[in-house]
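Data from upload.cif: mmCIF, C-alpha atoms
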data_start
#
loop_
_atom_site.label_atom_id
_atom_site.label_comp_id
_atom_site.auth_asym_id
_atom_site.auth_seq_id
_atom_site.Cartn_x
_atom_site.Cartn_y
_atom_site.Cartn_z
CA ILE A 238 20.50 -7.01 -1.41
CA THR A 239 23.14 -6.21 -4.07
CA LYS A 240 22.94 -4.51 -7.47
CA GLU A 241 23.95 -7.82 -9.03
CA GLN A 242 20.98 -9.57 -7.40
CA ILE A 243 18.63 -6.83 -8.64
CA GLN A 244 20.01 -7.21 -12.18
CA LYS A 245 19.55 -10.98 -12.04
CA THR A 246 15.95 -10.54 -10.90
CA LEU A 247 15.20 -8.09 -13.71
CA LYS A 248 16.76 -10.46 -16.24
CA LYS A 249 14.86 -13.41 -14.72
CA ASP A 250 18.10 -15.32 -14.25
CA PRO A 251 17.05 -18.96 -13.61
CA THR A 252 20.10 -19.49 -11.36
CA PHE A 253 18.96 -16.80 -8.93
CA VAL A 254 16.00 -18.23 -7.04
CA GLY A 255 15.26 -17.88 -3.34
CA PRO A 256 14.16 -15.44 -0.64
CA GLU A 257 16.44 -12.60 -1.81
CA GLN A 258 15.05 -12.87 -5.35
CA ALA A 259 11.51 -12.96 -3.94
CA TYR A 260 12.24 -9.89 -1.82
CA ILE A 261 13.34 -7.91 -4.87
CA GLU A 262 10.53 -9.23 -7.05
CA GLY A 263 7.92 -8.27 -4.46
CA HIS A 264 9.16 -4.70 -4.31
CA PHE A 265 9.04 -4.40 -8.11
CA LYS A 266 5.50 -5.81 -8.12
CA ALA A 267 4.44 -3.22 -5.57
CA ILE A 268 6.01 -0.39 -7.58
CA ASN A 269 4.26 -1.59 -10.75
CA LEU A 270 0.94 -1.64 -8.89
CA ALA A 271 1.65 1.82 -7.52
CA MET A 272 2.14 3.16 -11.04
CA THR A 273 -1.29 1.88 -12.09
CA LEU A 274 -2.88 3.64 -9.12
CA THR A 275 -1.59 7.12 -9.94
CA ASN A 276 -4.38 7.77 -12.45
CA SER A 277 -6.91 5.21 -11.23
CA THR A 278 -10.48 6.35 -10.59
CA ASP A 279 -10.53 4.01 -7.58
CA PHE A 280 -7.64 5.86 -5.93
CA PRO A 281 -7.67 7.11 -3.27
CA VAL A 282 -11.40 6.28 -3.23
CA LYS A 283 -13.98 5.79 -5.97
CA GLU A 284 -16.54 8.13 -4.40
CA LEU A 285 -16.31 10.29 -1.28
CA SER A 286 -19.84 9.29 -0.37
CA LEU A 287 -18.57 5.75 0.24
CA LEU A 288 -16.47 6.89 3.22
CA THR A 289 -19.31 6.93 5.70
CA ASN A 290 -17.68 4.77 8.38
CA GLU A 291 -14.68 2.62 9.21
CA TYR A 292 -16.17 -0.42 7.46
CA SER A 293 -16.63 1.44 4.17
CA CYS A 294 -13.13 2.87 4.55
CA ASN A 295 -11.75 -0.64 4.91
CA ASN A 296 -13.36 -1.58 1.59
CA ALA A 297 -12.04 1.57 -0.08
CA LEU A 298 -8.49 0.85 1.08
CA PHE A 299 -8.24 -2.40 -0.90
CA TRP A 300 -5.36 -0.81 -2.83
CA LEU A 301 -3.34 -0.33 0.38
CA ARG A 302 -3.66 -3.99 1.32
CA ASP A 303 -2.88 -5.02 -2.27
CA LEU A 304 0.33 -2.97 -2.15
CA HIS A 305 1.38 -4.73 1.05
CA VAL A 306 0.57 -8.18 -0.35
CA SER A 307 2.43 -7.45 -3.59
CA MET A 308 5.52 -6.32 -1.72
CA PHE A 309 5.73 -8.91 1.03
CA TYR A 310 3.88 -12.09 0.07
CA PRO A 311 6.68 -13.40 -2.20
CA VAL A 312 9.26 -13.15 0.57
CA ALA A 313 6.84 -14.45 3.22
CA HIS A 314 6.21 -17.48 1.03
CA TRP A 315 9.93 -18.26 1.14
CA GLY A 316 10.11 -17.89 4.92
CA LEU A 317 13.00 -15.41 4.97
CA VAL A 318 14.38 -15.01 8.50
CA THR A 319 15.92 -11.95 10.12
CA GLY A 320 19.30 -11.73 11.84
CA THR A 321 17.65 -12.71 15.12
CA GLY A 322 16.39 -15.98 13.64
CA THR A 323 12.70 -15.03 13.51
CA GLN A 324 10.68 -15.15 10.32
CA TYR A 325 10.67 -11.79 8.53
CA ILE A 326 6.91 -11.85 7.89
CA GLN A 327 4.25 -14.56 7.88
CA THR A 328 2.02 -15.09 4.85
CA ASN A 329 -1.11 -14.44 6.95
CA GLN A 330 0.29 -11.02 7.95
CA CYS A 331 0.47 -9.79 4.35
CA GLY A 332 -2.26 -7.24 3.66
CA THR A 333 -3.62 -7.67 7.21
CA TYR A 334 -3.61 -4.95 9.84
CA ARG A 335 -1.60 -5.85 12.90
CA TYR A 336 -3.47 -7.24 15.89
CA THR A 337 -0.73 -6.94 18.52
CA PRO A 338 0.81 -3.87 20.22
CA THR A 339 4.11 -2.58 18.89
CA MET A 340 6.63 0.10 19.74
CA LEU A 341 7.88 3.11 17.85
CA ALA A 342 11.40 4.34 18.56
CA PHE A 343 10.56 5.90 21.92
CA SER A 344 6.87 5.22 22.55
CA PRO A 345 4.09 2.72 21.79
CA ALA A 346 2.32 2.87 18.44
CA PRO A 347 -1.48 3.31 18.52
CA GLU A 348 -3.35 0.26 19.79
CA PRO A 349 -4.51 -2.19 17.07
CA HIS A 350 -8.21 -1.56 17.69
CA VAL A 351 -7.90 2.14 16.71
CA ILE A 352 -6.09 1.52 13.41
CA PRO A 353 -9.30 1.44 11.29
CA LYS A 354 -10.56 4.68 12.88
CA ILE A 355 -7.27 6.51 12.25
CA LEU A 356 -7.07 5.20 8.67
CA HIS A 357 -10.64 6.36 8.06
CA SER A 358 -9.82 9.89 9.20
CA TRP A 359 -6.63 9.99 7.10
CA LEU A 360 -8.29 8.62 3.96
CA ARG A 361 -11.26 10.96 4.17
CA ASN A 362 -9.00 13.99 4.62
CA ILE A 363 -6.69 13.17 1.73
CA ALA A 364 -9.52 11.98 -0.56
CA GLU A 365 -11.44 15.21 -0.03
CA PHE A 366 -8.36 17.21 -1.00
CA ASP A 367 -7.73 14.98 -4.02
CA SER A 368 -11.32 15.59 -5.17
CA GLU A 369 -10.77 19.33 -4.76
CA ILE A 370 -7.60 19.54 -6.90
CA LYS A 371 -7.58 16.54 -9.27
CA ASP A 372 -8.93 18.59 -12.19
CA LYS A 373 -6.52 21.46 -11.52
CA VAL A 374 -3.08 19.83 -11.23
CA ASP A 375 -2.43 19.82 -14.99
CA ASN A 376 -2.96 23.58 -15.14
CA PRO A 377 -0.02 25.48 -13.58
CA TYR A 378 -2.40 28.35 -12.79
CA GLY A 379 -5.22 26.14 -11.52
CA LEU A 380 -3.96 25.74 -7.96
CA THR A 381 -3.97 28.39 -5.28
CA PRO A 382 -0.75 28.94 -3.29
CA ALA A 383 -2.44 27.33 -0.28
CA GLN A 384 -3.34 24.23 -2.32
CA SER A 385 0.21 23.95 -3.67
CA GLN A 386 1.63 24.13 -0.15
CA LYS A 387 -0.86 21.54 1.05
CA ILE A 388 0.21 19.15 -1.73
CA PHE A 389 3.80 19.23 -0.50
CA ARG A 390 2.74 18.83 3.14
CA LEU A 391 0.27 15.97 2.61
CA THR A 392 2.56 13.95 0.35
CA LYS A 393 5.49 14.24 2.73
CA GLU A 394 3.35 13.33 5.71
CA CYS A 395 2.19 10.07 4.06
CA SER A 396 5.51 8.43 4.87
CA TYR A 397 5.48 9.70 8.45
CA PHE A 398 1.83 8.74 8.93
CA PHE A 399 2.36 5.05 8.16
CA SER A 400 5.57 4.92 10.18
CA ALA A 401 3.78 6.40 13.19
CA LEU A 402 0.59 4.35 12.88
CA GLN A 403 2.29 1.01 12.09
CA PRO A 404 -0.90 -0.49 10.57
CA PHE A 405 0.92 -3.63 9.42
CA SER A 406 3.22 -5.93 11.32
CA GLU A 407 6.08 -5.24 8.89
CA GLY A 408 7.02 -2.87 6.09
CA ASN A 409 5.19 0.29 7.18
CA ASN A 410 8.03 2.67 6.33
CA ARG A 411 8.30 1.31 2.79
CA ILE A 412 4.56 1.27 2.25
CA GLY A 413 4.37 4.86 3.51
CA LYS A 414 7.08 6.01 1.11
CA LEU A 415 5.35 4.20 -1.74
CA VAL A 416 1.97 5.80 -0.93
CA GLU A 417 3.71 9.17 -0.74
CA ASN A 418 5.05 8.73 -4.25
CA ILE A 419 1.71 7.56 -5.64
CA PHE A 420 0.21 10.86 -4.52
CA ARG A 421 3.25 12.80 -5.75
CA LEU A 422 2.88 11.37 -9.25
CA ARG A 423 -0.90 11.78 -9.16
CA TRP A 424 -0.48 15.44 -8.23
CA ARG A 425 2.28 15.95 -10.84
CA LEU A 426 5.30 16.01 -8.55
CA PRO A 427 8.46 13.98 -9.26
CA TRP A 428 9.22 10.72 -7.49
CA ARG A 429 11.00 11.31 -4.18
CA THR A 430 13.83 9.03 -3.10
CA ILE A 431 15.32 9.31 0.37
CA HIS A 432 19.05 8.73 0.02
CA SER A 433 21.31 7.45 2.77
CA GLY A 434 22.70 10.93 3.37
CA ASP A 435 19.18 12.21 4.04
CA MET A 436 18.25 9.60 6.63
CA GLU A 437 19.28 11.65 9.66
CA THR A 438 16.97 14.48 8.57
CA TYR A 439 14.22 12.00 7.70
CA PHE A 440 14.28 10.35 11.13
CA ARG A 441 14.38 13.71 12.89
CA GLU A 442 11.31 14.87 10.97
CA LEU A 443 9.62 11.52 11.65
CA SER A 444 10.28 11.89 15.37
CA ASN A 445 8.83 15.41 15.33
CA TYR A 446 5.75 14.17 13.49
CA GLN A 447 5.21 11.34 15.98
CA ASN A 448 5.56 13.74 18.91
CA ASP A 449 3.06 16.13 17.33
CA GLN A 450 0.53 13.33 16.77
CA GLN A 451 0.83 12.11 20.34
CA GLY A 452 0.68 15.63 21.72
#
Transcribe the structure of this file into structure tokens.
Amino acid sequence: ITKEQIQKTLKKDPTFVGPEQAYIEGHFKAINLAMTLTNSTDFPVKELSLLTNEYSCNNALFWLRDLHVSMFYPVAHWGLVTGTGTQYIQTNQCGTYRYTPTMLAFSPAPEPHVIPKILHSWLRNIAEFDSEIKDKVDNPYGLTPAQSQKIFRLTKECSYFFSALQPFSEGNNRIGKLVENIFRLRWRLPWRTIHSGDMETYFRELSNYQNDQQG
């Protein structure tokens, strides 16, 4: 994807139509949706009392599936293929948790049947913390040092969490980074972009996180 293609997409250039345009458009749609979630009363969950089990968690995580659909359905509709000749992502995989085993860099990802249970635990933990601090983040003296440290830790771990869990068949790293930034903006931190020069550090930290989770 080139800067010129991004500019054509933003300008809605009628001559630029196809899978690359759909790829860019989907990512912008997902970012726009993410921005609406930062102050939404339904994010990360409308009420903590609704998180009683994995089924209720699945209902509460509608926003996660919507993010995935927004980002990947346009390109899936076009049938973009990868360098190996396989389709990048199928339309029926958009917003749907994976149902087949997959590998991380050096080890298997969690089995598909445990994905809802792990998501439930993650959502409950982060929603409880959000409920604890949401009325304090606009006051620089409202947060304790421990709460401030936890904000930085939880937001950063969002990206690693989705990369390690691999809940979807495609796009988990990008969805994780997007969820991280939704929480960053919600908790009054600036947007975080991982630049190419930071990738070595990012992957090292991701590997450490995956090892800790499996340990």
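Here the PyMOL selection byres ((chain A and resi 426) around 12) captures the residues Thr275, Val374, Asp375, Pro377, Ser385, Ile388, Phe389, Thr392, Lys393, Glu417, Asn418, Ile419, Phe420, Arg421, Leu422, Arg423, Trp424, Arg425, Pro427, Trp428 and Arg429 of chain A.
With only C-alpha atoms taken into account, the protein and nucleic acid residues at most 12 Å from A:Tyr446 (excluding it and anything under 2 positions from it in its own chain) are A:Arg390, A:Lys393, A:Glu394, A:Cys395, A:Ser396, A:Tyr397, A:Phe398, A:Phe399, A:Ser400, A:Ala401, A:Leu402, A:Tyr439, A:Phe440, A:Arg441, A:Glu442, A:Leu443, A:Ser444, A:Asn448, A:Asp449, A:Gln450, A:Gln451, A:Gly452.
The coordinates place atom CA of A:Asp367 at 17.1 Å from atom CA of A:Thr289.
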Which residues of stretch 288-340 of chain A come within 12 Å of stretch 260-263 of chain A, and for each one, what is the closest pair of atoms and their distance in Å to one decimal, counting all atoms listed in the file, sorted by chain and residue number, as JSON lines?
{"residue": "A:Asp303", "atom": "CA", "partner": "A:Gly263", "partner_atom": "CA", "distance": 11.5}
{"residue": "A:Leu304", "atom": "CA", "partner": "A:Gly263", "partner_atom": "CA", "distance": 9.5}
{"residue": "A:His305", "atom": "CA", "partner": "A:Gly263", "partner_atom": "CA", "distance": 9.3}
{"residue": "A:Val306", "atom": "CA", "partner": "A:Gly263", "partner_atom": "CA", "distance": 8.4}
{"residue": "A:Ser307", "atom": "CA", "partner": "A:Gly263", "partner_atom": "CA", "distance": 5.6}
{"residue": "A:Met308", "atom": "CA", "partner": "A:Gly263", "partner_atom": "CA", "distance": 4.1}
{"residue": "A:Phe309", "atom": "CA", "partner": "A:Gly263", "partner_atom": "CA", "distance": 5.9}
{"residue": "A:Tyr310", "atom": "CA", "partner": "A:Gly263", "partner_atom": "CA", "distance": 7.2}
{"residue": "A:Pro311", "atom": "CA", "partner": "A:Gly263", "partner_atom": "CA", "distance": 5.7}
{"residue": "A:Val312", "atom": "CA", "partner": "A:Tyr260", "partner_atom": "CA", "distance": 5.0}
{"residue": "A:Ala313", "atom": "CA", "partner": "A:Tyr260", "partner_atom": "CA", "distance": 8.7}
{"residue": "A:His314", "atom": "CA", "partner": "A:Tyr260", "partner_atom": "CA", "distance": 10.1}
{"residue": "A:Trp315", "atom": "CA", "partner": "A:Tyr260", "partner_atom": "CA", "distance": 9.2}
{"residue": "A:Gly316", "atom": "CA", "partner": "A:Tyr260", "partner_atom": "CA", "distance": 10.7}
{"residue": "A:Leu317", "atom": "CA", "partner": "A:Tyr260", "partner_atom": "CA", "distance": 8.8}
{"residue": "A:Val318", "atom": "CA", "partner": "A:Tyr260", "partner_atom": "CA", "distance": 11.7}
{"residue": "A:Tyr325", "atom": "CA", "partner": "A:Tyr260", "partner_atom": "CA", "distance": 10.6}
{"residue": "A:Ile326", "atom": "CA", "partner": "A:Tyr260", "partner_atom": "CA", "distance": 11.2}
{"residue": "A:Cys331", "atom": "CA", "partner": "A:Gly263", "partner_atom": "CA", "distance": 11.6}
Which residues, named as in the file, does the PyMOL selection byres ((chain A and resi 281) around 8) pick out? Answer as a CSV table (one decimal) with C-alpha atoms, in the frame of the given file.
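Listing of part.csv after writing:
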chain,number,residue,atom,x,y,z
A,278,THR,CA,-10.5,6.4,-10.6
A,279,ASP,CA,-10.5,4.0,-7.6
A,280,PHE,CA,-7.6,5.9,-5.9
A,282,VAL,CA,-11.4,6.3,-3.2
A,283,LYS,CA,-14.0,5.8,-6.0
A,297,ALA,CA,-12.0,1.6,-0.1
A,298,LEU,CA,-8.5,0.8,1.1
A,360,LEU,CA,-8.3,8.6,4.0
A,363,ILE,CA,-6.7,13.2,1.7
A,364,ALA,CA,-9.5,12.0,-0.6
A,367,ASP,CA,-7.7,15.0,-4.0
Inset, instruction - May I ask for the distance between atom CA of A:Cys294 and atom CA of A:Gln447, given in Å to one decimal place? - result: 23.2 Å
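For the file at hand, the PyMOL selection byres ((chain A and resi 335) around 6) resolves to Tyr334, Tyr336, Thr337, Pro404, Phe405 and Ser406 of chain A.
The interatomic distance for the pair atom CA of A:Leu274 and atom CA of A:Lys354 works out to 23.3 Å.
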With the cut-off set at 12 Å and counting only C-alpha atoms, tabulate each residue of stretch 249-287 of chain A with an atom at most that distance from an atom of stretch 411-414 of chain A, showing the nearest atom pair and its distance in Å to one decimal, ordered by chain and increasing number, as CSV.
residue,atom,partner,partner_atom,distance
A:His264,CA,A:Arg411,CA,9.3
A:Ala267,CA,A:Ile412,CA,9.0
A:Ile268,CA,A:Ile412,CA,10.1
A:Ala271,CA,A:Ile412,CA,10.2
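You can rank A:Ile355, A:Leu380, A:Leu288, A:Leu341 by their closest distance to A:Asn410 using all atoms listed in the file, and at the top of that list sits A:Leu341.
Compared by their closest atoms to A:Asn296, and using only C-alpha atoms, the residues A:His357, A:Asp372, A:Pro347, A:Gln384 rank with A:His357 nearest.
Closest to A:Ser358 among A:Ser293, A:Thr273, A:Thr252, A:Gln242 is A:Ser293, based on all atoms listed in the file.
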Pull stretch 277-294 of chain A out of the block and emit N, CA, C and O atoms, as a PDB file, in the first residue's frame.
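Full text of selection.pdb as output:
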ATOM      1  N   SER A 277     -17.866   5.930  24.584  1.00  0.00           N
ATOM      2  CA  SER A 277     -19.147   5.236  24.557  1.00  0.00           C
ATOM      3  C   SER A 277     -19.469   4.610  25.915  1.00  0.00           C
ATOM      4  O   SER A 277     -18.585   4.058  26.582  1.00  0.00           O
ATOM      5  N   THR A 278     -20.737   4.667  26.305  1.00  0.00           N
ATOM      6  CA  THR A 278     -21.153   4.022  27.556  1.00  0.00           C
ATOM      7  C   THR A 278     -21.250   2.512  27.406  1.00  0.00           C
ATOM      8  O   THR A 278     -21.370   1.796  28.399  1.00  0.00           O
ATOM      9  N   ASP A 279     -21.192   2.021  26.167  1.00  0.00           N
ATOM     10  CA  ASP A 279     -21.226   0.575  25.922  1.00  0.00           C
ATOM     11  C   ASP A 279     -19.826  -0.031  25.863  1.00  0.00           C
ATOM     12  O   ASP A 279     -19.682  -1.231  25.638  1.00  0.00           O
ATOM     13  N   PHE A 280     -18.810   0.795  26.048  1.00  0.00           N
ATOM     14  CA  PHE A 280     -17.426   0.331  25.966  1.00  0.00           C
ATOM     15  C   PHE A 280     -16.737   0.529  27.306  1.00  0.00           C
ATOM     16  O   PHE A 280     -16.840   1.589  27.903  1.00  0.00           O
ATOM     17  N   PRO A 281     -15.999  -0.445  27.801  1.00  0.00           N
ATOM     18  CA  PRO A 281     -15.835  -1.792  27.251  1.00  0.00           C
ATOM     19  C   PRO A 281     -17.040  -2.700  27.494  1.00  0.00           C
ATOM     20  O   PRO A 281     -17.184  -3.730  26.872  1.00  0.00           O
ATOM     21  N   VAL A 282     -17.918  -2.287  28.437  1.00  0.00           N
ATOM     22  CA  VAL A 282     -19.154  -3.033  28.663  1.00  0.00           C
ATOM     23  C   VAL A 282     -20.153  -2.069  29.290  1.00  0.00           C
ATOM     24  O   VAL A 282     -19.772  -1.155  30.025  1.00  0.00           O
ATOM     25  N   LYS A 283     -21.436  -2.254  28.961  1.00  0.00           N
ATOM     26  CA  LYS A 283     -22.444  -1.321  29.461  1.00  0.00           C
ATOM     27  C   LYS A 283     -22.571  -1.390  30.977  1.00  0.00           C
ATOM     28  O   LYS A 283     -22.609  -0.366  31.664  1.00  0.00           O
ATOM     29  N   GLU A 284     -22.621  -2.605  31.512  1.00  0.00           N
ATOM     30  CA  GLU A 284     -22.710  -2.798  32.961  1.00  0.00           C
ATOM     31  C   GLU A 284     -21.889  -4.018  33.349  1.00  0.00           C
ATOM     32  O   GLU A 284     -21.970  -5.060  32.696  1.00  0.00           O
ATOM     33  N   LEU A 285     -21.114  -3.883  34.423  1.00  0.00           N
ATOM     34  CA  LEU A 285     -20.304  -5.016  34.888  1.00  0.00           C
ATOM     35  C   LEU A 285     -21.154  -6.221  35.245  1.00  0.00           C
ATOM     36  O   LEU A 285     -20.720  -7.367  35.084  1.00  0.00           O
ATOM     37  N   SER A 286     -22.357  -5.967  35.708  1.00  0.00           N
ATOM     38  CA  SER A 286     -23.228  -7.073  36.123  1.00  0.00           C
ATOM     39  C   SER A 286     -23.613  -7.971  34.954  1.00  0.00           C
ATOM     40  O   SER A 286     -24.091  -9.097  35.151  1.00  0.00           O
ATOM     41  N   LEU A 287     -23.407  -7.476  33.734  1.00  0.00           N
ATOM     42  CA  LEU A 287     -23.752  -8.280  32.549  1.00  0.00           C
ATOM     43  C   LEU A 287     -22.700  -9.348  32.260  1.00  0.00           C
ATOM     44  O   LEU A 287     -22.956 -10.277  31.495  1.00  0.00           O
ATOM     45  N   LEU A 288     -21.518  -9.222  32.859  1.00  0.00           N
ATOM     46  CA  LEU A 288     -20.429 -10.160  32.574  1.00  0.00           C
ATOM     47  C   LEU A 288     -20.466 -11.348  33.519  1.00  0.00           C
ATOM     48  O   LEU A 288     -19.510 -11.639  34.234  1.00  0.00           O
ATOM     49  N   THR A 289     -21.556 -12.056  33.505  1.00  0.00           N
ATOM     50  CA  THR A 289     -21.713 -13.192  34.420  1.00  0.00           C
ATOM     51  C   THR A 289     -21.107 -14.479  33.875  1.00  0.00           C
ATOM     52  O   THR A 289     -20.739 -15.359  34.638  1.00  0.00           O
ATOM     53  N   ASN A 290     -21.005 -14.600  32.562  1.00  0.00           N
ATOM     54  CA  ASN A 290     -20.491 -15.834  31.965  1.00  0.00           C
ATOM     55  C   ASN A 290     -19.960 -15.545  30.567  1.00  0.00           C
ATOM     56  O   ASN A 290     -19.993 -14.404  30.096  1.00  0.00           O
ATOM     57  N   GLU A 291     -19.472 -16.589  29.912  1.00  0.00           N
ATOM     58  CA  GLU A 291     -18.894 -16.417  28.586  1.00  0.00           C
ATOM     59  C   GLU A 291     -19.919 -15.969  27.554  1.00  0.00           C
ATOM     60  O   GLU A 291     -19.608 -15.220  26.627  1.00  0.00           O
ATOM     61  N   TYR A 292     -21.169 -16.417  27.715  1.00  0.00           N
ATOM     62  CA  TYR A 292     -22.215 -16.035  26.759  1.00  0.00           C
ATOM     63  C   TYR A 292     -22.500 -14.541  26.858  1.00  0.00           C
ATOM     64  O   TYR A 292     -22.596 -13.852  25.848  1.00  0.00           O
ATOM     65  N   SER A 293     -22.625 -14.032  28.091  1.00  0.00           N
ATOM     66  CA  SER A 293     -22.887 -12.602  28.261  1.00  0.00           C
ATOM     67  C   SER A 293     -21.695 -11.773  27.801  1.00  0.00           C
ATOM     68  O   SER A 293     -21.850 -10.676  27.261  1.00  0.00           O
ATOM     69  N   CYS A 294     -20.488 -12.315  27.994  1.00  0.00           N
ATOM     70  CA  CYS A 294     -19.288 -11.632  27.513  1.00  0.00           C
ATOM     71  C   CYS A 294     -19.308 -11.525  25.994  1.00  0.00           C
ATOM     72  O   CYS A 294     -18.950 -10.492  25.421  1.00  0.00           O
TER      73      CYS A 294
END
